[in-house]
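Peer 1: After the structure tokens below, expect a handful of questions from me.
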Amino acid sequence: MTLILAHRGYAAEYPENTMLAFKEAEKAGADGLELDVQMTRDGELVVIHDEKVDRTTDGTGLVKDYKLEDLRKLDARFKFQSLPKKEQIPTLAEVLEWLSGTGMVCNIELKNSIIPYEGMEEKVIKMVRDYDLSDRIIISSFNHYSIVQSYLLAPEIEIAPLLSEGLYMPWIYAQSIKAKGFHPHWRAAPDQIITASLESGIDVRPYTVNKEAELERLFKVNCTAVITDEPAKARRIRDKIKQ
Ligand code: G3P
Ligand code: MG
């Protein structure tokens with residue numbers, strides 16, 4: 001069955017990468033989450049997509065210049081101001097603590113292509129091991145050097161390269177870096193690439209799939225997972241196809 005991974009949580013309806021969005025994704029029937037990790041000035045792992053806090057909070061400036069204590073004072077509700085209370089930028093520890101009490105899987109995307117956060121891989125791996133979640137986590141990144149480093153540090157934790165463009169035979173590339181799967185942009189994942197990858201034992205989890213017709217196509221081709229802002233919609237379509 002194609003798994004539904006909620007992109008930044010239930011990002012279509014709730015503030016992305018917040019505990020609210022993660023909890024609502026679970027309620028909406030997602031099988032797992034995708035989230036983005038950056039690092040604070042005092043070396044804490046936090047869940048936020050951009051290098052800067054400007055777009056998604058009421059603050060300004062780079063995450064790497066904030067101490068965790070100050071970052072936690074920001075309101076991450078951004079365009080969802082009608083929500084009754086402030087949302088904080090979660091720490092990765094907070095999400096994993098909650099996740100360990102659910103049956104969900106989680107794709108941790110290391111956001112270290114623009115800012116090369118020193119020691120990020122070691123910190124993420126330690127945390128995943130501390131919460132005993134190695135078999136439910138996939139570490140991905142556009143920085144492929146970083147995921148290879150993660151694999152070398154922790155071969156028991158799955159890695160997956162993010163591919164924004166189509167590669168020639170991406171399953172061979174994945175195998176070459178010891179990844180069991182890859183995460184392509186949905187436009188770079190036509191049926192024949194998905195089928196050939198699955199036949200070679202390589203998983204495919206396209207992002208960010210929100211269009212009904214695309215979700216339907218990916219469920220029908222038995223893609224490993226879809227990464228979507230709309231877990232409830234994806235669930236409805238998957239349930240309809242299975243009937
Ligand atoms: O991990 C899939 C997807 O999230 C990659 O792009 O920019 O949404 O983090 P982005
Ligand atoms: Mg992401």
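To be explicit about the labels: the chains of the structure tokens are called A, B, and onward in the order shown, and within each one the residues are counted from 1, while ligands get numbers from 1 in the order they are shown.
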Could you give me, as a list in words, the residues within 10 Å of A:Glu26, counting only C-alpha atoms and dropping anything in the same chain fewer than 2 positions from it?

Peer 2: Leu5, Ala6, Gly9, Tyr10, Ala21, Phe22, Lys23, Glu24, Ala28, Gly29, Ala30, Asp31, Gly32, Leu33, Leu99, Thr102, Gly103, Met104, Pro231 and Ala232 of chain A

Peer 1: Keeping only C-alpha atoms, write the selected residues to a file as an mmCIF file, in the first residue's frame.

Peer 2:
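Resulting contents of selection.cif:
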```
data_model
loop_
_atom_site.group_PDB
_atom_site.id
_atom_site.type_symbol
_atom_site.label_atom_id
_atom_site.label_comp_id
_atom_site.auth_asym_id
_atom_site.auth_seq_id
_atom_site.Cartn_x
_atom_site.Cartn_y
_atom_site.Cartn_z
ATOM 1 C CA LEU A 5 3.350 11.209 4.407
ATOM 2 C CA ALA A 6 2.079 14.606 5.518
ATOM 3 C CA GLY A 9 2.451 18.072 8.742
ATOM 4 C CA TYR A 10 -1.048 18.866 7.498
ATOM 5 C CA ALA A 21 0.045 20.334 11.963
ATOM 6 C CA PHE A 22 1.656 17.012 12.927
ATOM 7 C CA LYS A 23 -1.147 15.994 15.272
ATOM 8 C CA GLU A 24 -3.811 16.989 12.755
ATOM 9 C CA ALA A 28 -6.508 13.012 9.061
ATOM 10 C CA GLY A 29 -5.209 9.468 8.500
ATOM 11 C CA ALA A 30 -1.604 10.072 7.432
ATOM 12 C CA ASP A 31 0.762 7.138 7.872
ATOM 13 C CA GLY A 32 3.687 9.414 8.536
ATOM 14 C CA LEU A 33 5.224 12.867 8.440
ATOM 15 C CA LEU A 99 5.928 10.396 17.396
ATOM 16 C CA THR A 102 2.130 6.890 17.630
ATOM 17 C CA GLY A 103 2.596 4.278 14.916
ATOM 18 C CA MET A 104 3.739 6.853 12.415
ATOM 19 C CA PRO A 231 -3.326 13.987 3.906
ATOM 20 C CA ALA A 232 -7.140 13.897 4.215
#
```

Peer 1: Quick one: residues within 7 Å of ligand 2, with only C-alpha atoms and all ligand atoms, as JSON, numbers by chain?

Peer 2: {"A": [7, 8, 34, 35, 36, 49, 109]}

Peer 1: Nearest to ligand 1 among A:Ile125, A:Val148, A:Ile48, A:Ile237, with distances taken over only C-alpha atoms and all ligand atoms: which residue is it?

Peer 2: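 Result for the nearest residue to ligand 1: A:Ile48.
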
Peer 1: At a cut-off of 9 Å and counting only C-alpha atoms and all ligand atoms, what residues surround ligand 1? Please answer as a PDB file with C-alpha atoms, in the first residue's frame.

Peer 2:
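The resulting file, result-v6.pdb, is reproduced below:
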```pdb
ATOM      1  CA  HIS A   7       4.400  17.280   4.129  1.00  0.00           C
ATOM      2  CA  ARG A   8       5.444  19.645   6.958  1.00  0.00           C
ATOM      3  CA  GLU A  34       7.788  14.800   6.487  1.00  0.00           C
ATOM      4  CA  LEU A  35       9.496  17.634   8.380  1.00  0.00           C
ATOM      5  CA  ASP A  36      12.451  19.983   7.916  1.00  0.00           C
ATOM      6  CA  HIS A  49      11.582  24.853   6.615  1.00  0.00           C
ATOM      7  CA  ASP A  50      13.377  28.109   5.820  1.00  0.00           C
ATOM      8  CA  ASN A 107      10.950  11.555   7.018  1.00  0.00           C
ATOM      9  CA  ILE A 108      13.451  13.970   8.559  1.00  0.00           C
ATOM     10  CA  GLU A 109      14.730  16.330   5.886  1.00  0.00           C
ATOM     11  CA  LEU A 110      18.091  17.879   6.777  1.00  0.00           C
ATOM     12  CA  LYS A 111      18.005  21.489   5.557  1.00  0.00           C
ATOM     13  CA  SER A 140      16.599  12.820   3.373  1.00  0.00           C
ATOM     14  CA  SER A 141      18.284  15.937   2.010  1.00  0.00           C
ATOM     15  CA  PHE A 142      19.090  17.809  -1.169  1.00  0.00           C
ATOM     16  CA  LEU A 162      15.905  14.370  -2.709  1.00  0.00           C
ATOM     17  CA  LEU A 163      15.866  14.922  -6.468  1.00  0.00           C
ATOM     18  CA  SER A 164      14.404  18.142  -7.804  1.00  0.00           C
ATOM     19  CA  HIS A 183      12.369  11.292  -3.115  1.00  0.00           C
ATOM     20  CA  PRO A 184      11.830  12.969  -6.501  1.00  0.00           C
ATOM     21  CA  HIS A 185       9.776  16.016  -7.339  1.00  0.00           C
ATOM     22  CA  ARG A 205       8.330   8.755  -2.484  1.00  0.00           C
ATOM     23  CA  PRO A 206       7.492  11.765  -4.676  1.00  0.00           C
ATOM     24  CA  TYR A 207       6.922  15.237  -3.225  1.00  0.00           C
ATOM     25  CA  THR A 208       4.811  17.453  -2.994  1.00  0.00           C
ATOM     26  CA  ILE A 227       4.494  13.300   0.357  1.00  0.00           C
ATOM     27  CA  THR A 228       1.503  15.643   0.444  1.00  0.00           C
TER      28      THR A 228
END
```

Peer 1: I'd like the neighbourhood of A:Asp58 as a list in words, where a residue qualifies if any of its atoms comes within 9 Å (using only C-alpha atoms), though same-chain residues fewer than 4 positions away should be ignored.

Peer 2: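 Once the nearby chain positions are removed, what remains is Val53, Asp54, Leu74, Asp75, Ala76, Arg77 and Phe78 of chain A.
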
Peer 1: Got a sec: who's within 12 Å of A:Tyr117, counting only C-alpha atoms, leaving out chain neighbours fewer than 4 positions off, as a PyMOL selection string?

Peer 2: chain A and resi 37-45+51+63-65+110-113+121-124+143+146

Peer 1: Where in stretch 18-243 of chain A does DSSP assign alpha helix (DSSP H), given as a ChimeraX atom specification?

Peer 2: /A:19-27,68-71,92-99,120-130,144-153,170-176,191-199,212-220,231-242

Peer 1: Under the rule that only C-alpha atoms are counted, which of A:Ala196, A:Ala12, A:Ile241, A:Leu133 is the nearest residue to A:Glu158?

Peer 2: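 The shortest atom-to-atom distance to A:Glu158 comes from A:Leu133.
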
Peer 1: A:Lys220: which residues within 9 Å, counting only C-alpha atoms, same-chain residues fewer than 3 positions away excluded, as a PyMOL selection string?

Peer 2: chain A and resi 2+215-217+223+238+241

Peer 1: Export N, CA and C atoms of the chosen residues as a CSV table (one decimal), in the first residue's frame?

Peer 2:
```
chain,number,residue,atom,x,y,z
A,2,THR,N,0.5,2.2,-0.8
A,2,THR,CA,1.2,3.5,-0.8
A,2,THR,C,1.0,4.3,0.4
A,215,LEU,N,-2.2,12.3,-7.4
A,215,LEU,CA,-2.3,11.3,-6.2
A,215,LEU,C,-2.9,10.0,-6.7
A,216,GLU,N,-3.9,10.1,-7.6
A,216,GLU,CA,-4.5,8.9,-8.1
A,216,GLU,C,-3.5,8.1,-8.9
A,217,ARG,N,-2.8,8.8,-9.8
A,217,ARG,CA,-1.8,8.1,-10.6
A,217,ARG,C,-0.8,7.3,-9.7
A,223,CYS,N,3.2,3.3,-6.0
A,223,CYS,CA,4.4,4.1,-5.5
A,223,CYS,C,4.5,3.8,-4.0
A,238,ARG,N,-7.1,7.4,-1.8
A,238,ARG,CA,-6.5,6.0,-1.7
A,238,ARG,C,-7.6,5.0,-1.3
A,241,ILE,N,-9.8,4.1,-4.3
A,241,ILE,CA,-9.1,3.2,-5.2
A,241,ILE,C,-9.1,1.8,-4.7
```

Peer 1: For A:Leu3, which residue among A:Ile114, A:Ala234, A:Val226, A:Ala174 is the nearest when counting only C-alpha atoms?

Peer 2: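 Comparing A:Ile114, A:Ala234, A:Val226, A:Ala174 against A:Leu3, the winner is A:Val226.
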
Peer 1: So the first atom is atom CA of A:Glu118 and the second is atom CA of A:Ile159; what is the distance between them in Å, to one decimal place?

Peer 2: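 So the two atoms, atom CA of A:Glu118 and atom CA of A:Ile159, lie 18.8 Å apart.
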
Peer 1: Please identify which residues in stretch 17-238 of chain A DSSP calls strand (DSSP E) from the backbone, and express them as a compact mmCIF listing (two decimals) with C-alpha atoms, in the first residue's frame.

Peer 2:
```txt
# COMPACT_ATOMS: atom_id res chain seq x y z
CA GLY A 32 3.69 9.41 8.54
CA LEU A 33 5.22 12.87 8.44
CA GLU A 34 7.79 14.80 6.49
CA LEU A 35 9.50 17.63 8.38
CA ASP A 36 12.45 19.98 7.92
CA VAL A 37 15.29 20.45 10.39
CA GLN A 38 17.57 23.46 10.94
CA MET A 39 19.92 24.26 13.84
CA LEU A 45 17.70 20.89 16.28
CA VAL A 46 14.49 22.70 15.39
CA VAL A 47 11.71 21.97 12.92
CA VAL A 105 6.87 6.90 10.30
CA CYS A 106 8.83 10.11 9.80
CA ASN A 107 10.95 11.56 7.02
CA ILE A 108 13.45 13.97 8.56
CA GLU A 109 14.73 16.33 5.89
CA LEU A 110 18.09 17.88 6.78
CA ILE A 137 12.87 7.22 10.29
CA ILE A 138 14.09 8.11 6.80
CA ILE A 139 16.74 10.82 6.61
CA SER A 140 16.60 12.82 3.37
CA SER A 141 18.28 15.94 2.01
CA GLU A 158 17.42 4.63 6.05
CA ILE A 159 18.53 7.50 3.83
CA ALA A 160 16.92 8.92 0.68
CA PRO A 161 18.27 11.58 -1.71
CA LEU A 162 15.90 14.37 -2.71
CA LEU A 163 15.87 14.92 -6.47
CA GLY A 181 14.80 4.80 -1.97
CA PHE A 182 14.71 8.31 -3.38
CA HIS A 183 12.37 11.29 -3.12
CA PRO A 184 11.83 12.97 -6.50
CA ASP A 203 11.45 2.83 -3.04
CA VAL A 204 10.02 6.03 -4.54
CA ALA A 225 4.61 6.73 -0.56
CA VAL A 226 3.36 10.18 -1.48
CA ILE A 227 4.49 13.30 0.36
CA THR A 228 1.50 15.64 0.44
```

Peer 1: Please determine, counting only C-alpha atoms, which residue among A:Val221, A:Ile89, A:Ile147, A:Leu62 has the shortest atom-to-atom distance to A:Leu20.

Peer 2: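 Using only C-alpha atoms, the shortest distance to A:Leu20 belongs to A:Ile89.
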
Peer 1: Name the residues in contact with A:Ile172 at a cut-off of 9 Å, using only C-alpha atoms, excluding same-chain residues fewer than 4 positions from it; report them as a list in words.

Peer 2: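 Residues near the query, excluding close chain neighbours: Tyr168, Ser176, Ile177, Ser197, Ser200 and Ile202 of chain A.
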
Peer 1: Please write the residues from the selection above to a file, keeping C-alpha atoms, as a PDB file, in the first residue's frame.

Peer 2:
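Wrote it out as out-v1.pdb, contents follow:
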```pdb
ATOM      1  CA  TYR A 168      18.696   8.978 -15.773  1.00  0.00           C
ATOM      2  CA  SER A 176      25.268   3.652  -5.514  1.00  0.00           C
ATOM      3  CA  ILE A 177      24.920   5.687  -2.318  1.00  0.00           C
ATOM      4  CA  SER A 197      12.768   1.539  -9.445  1.00  0.00           C
ATOM      5  CA  SER A 200      14.992  -2.962  -8.681  1.00  0.00           C
ATOM      6  CA  ILE A 202      14.250   0.859  -4.701  1.00  0.00           C
TER       7      ILE A 202
END
```
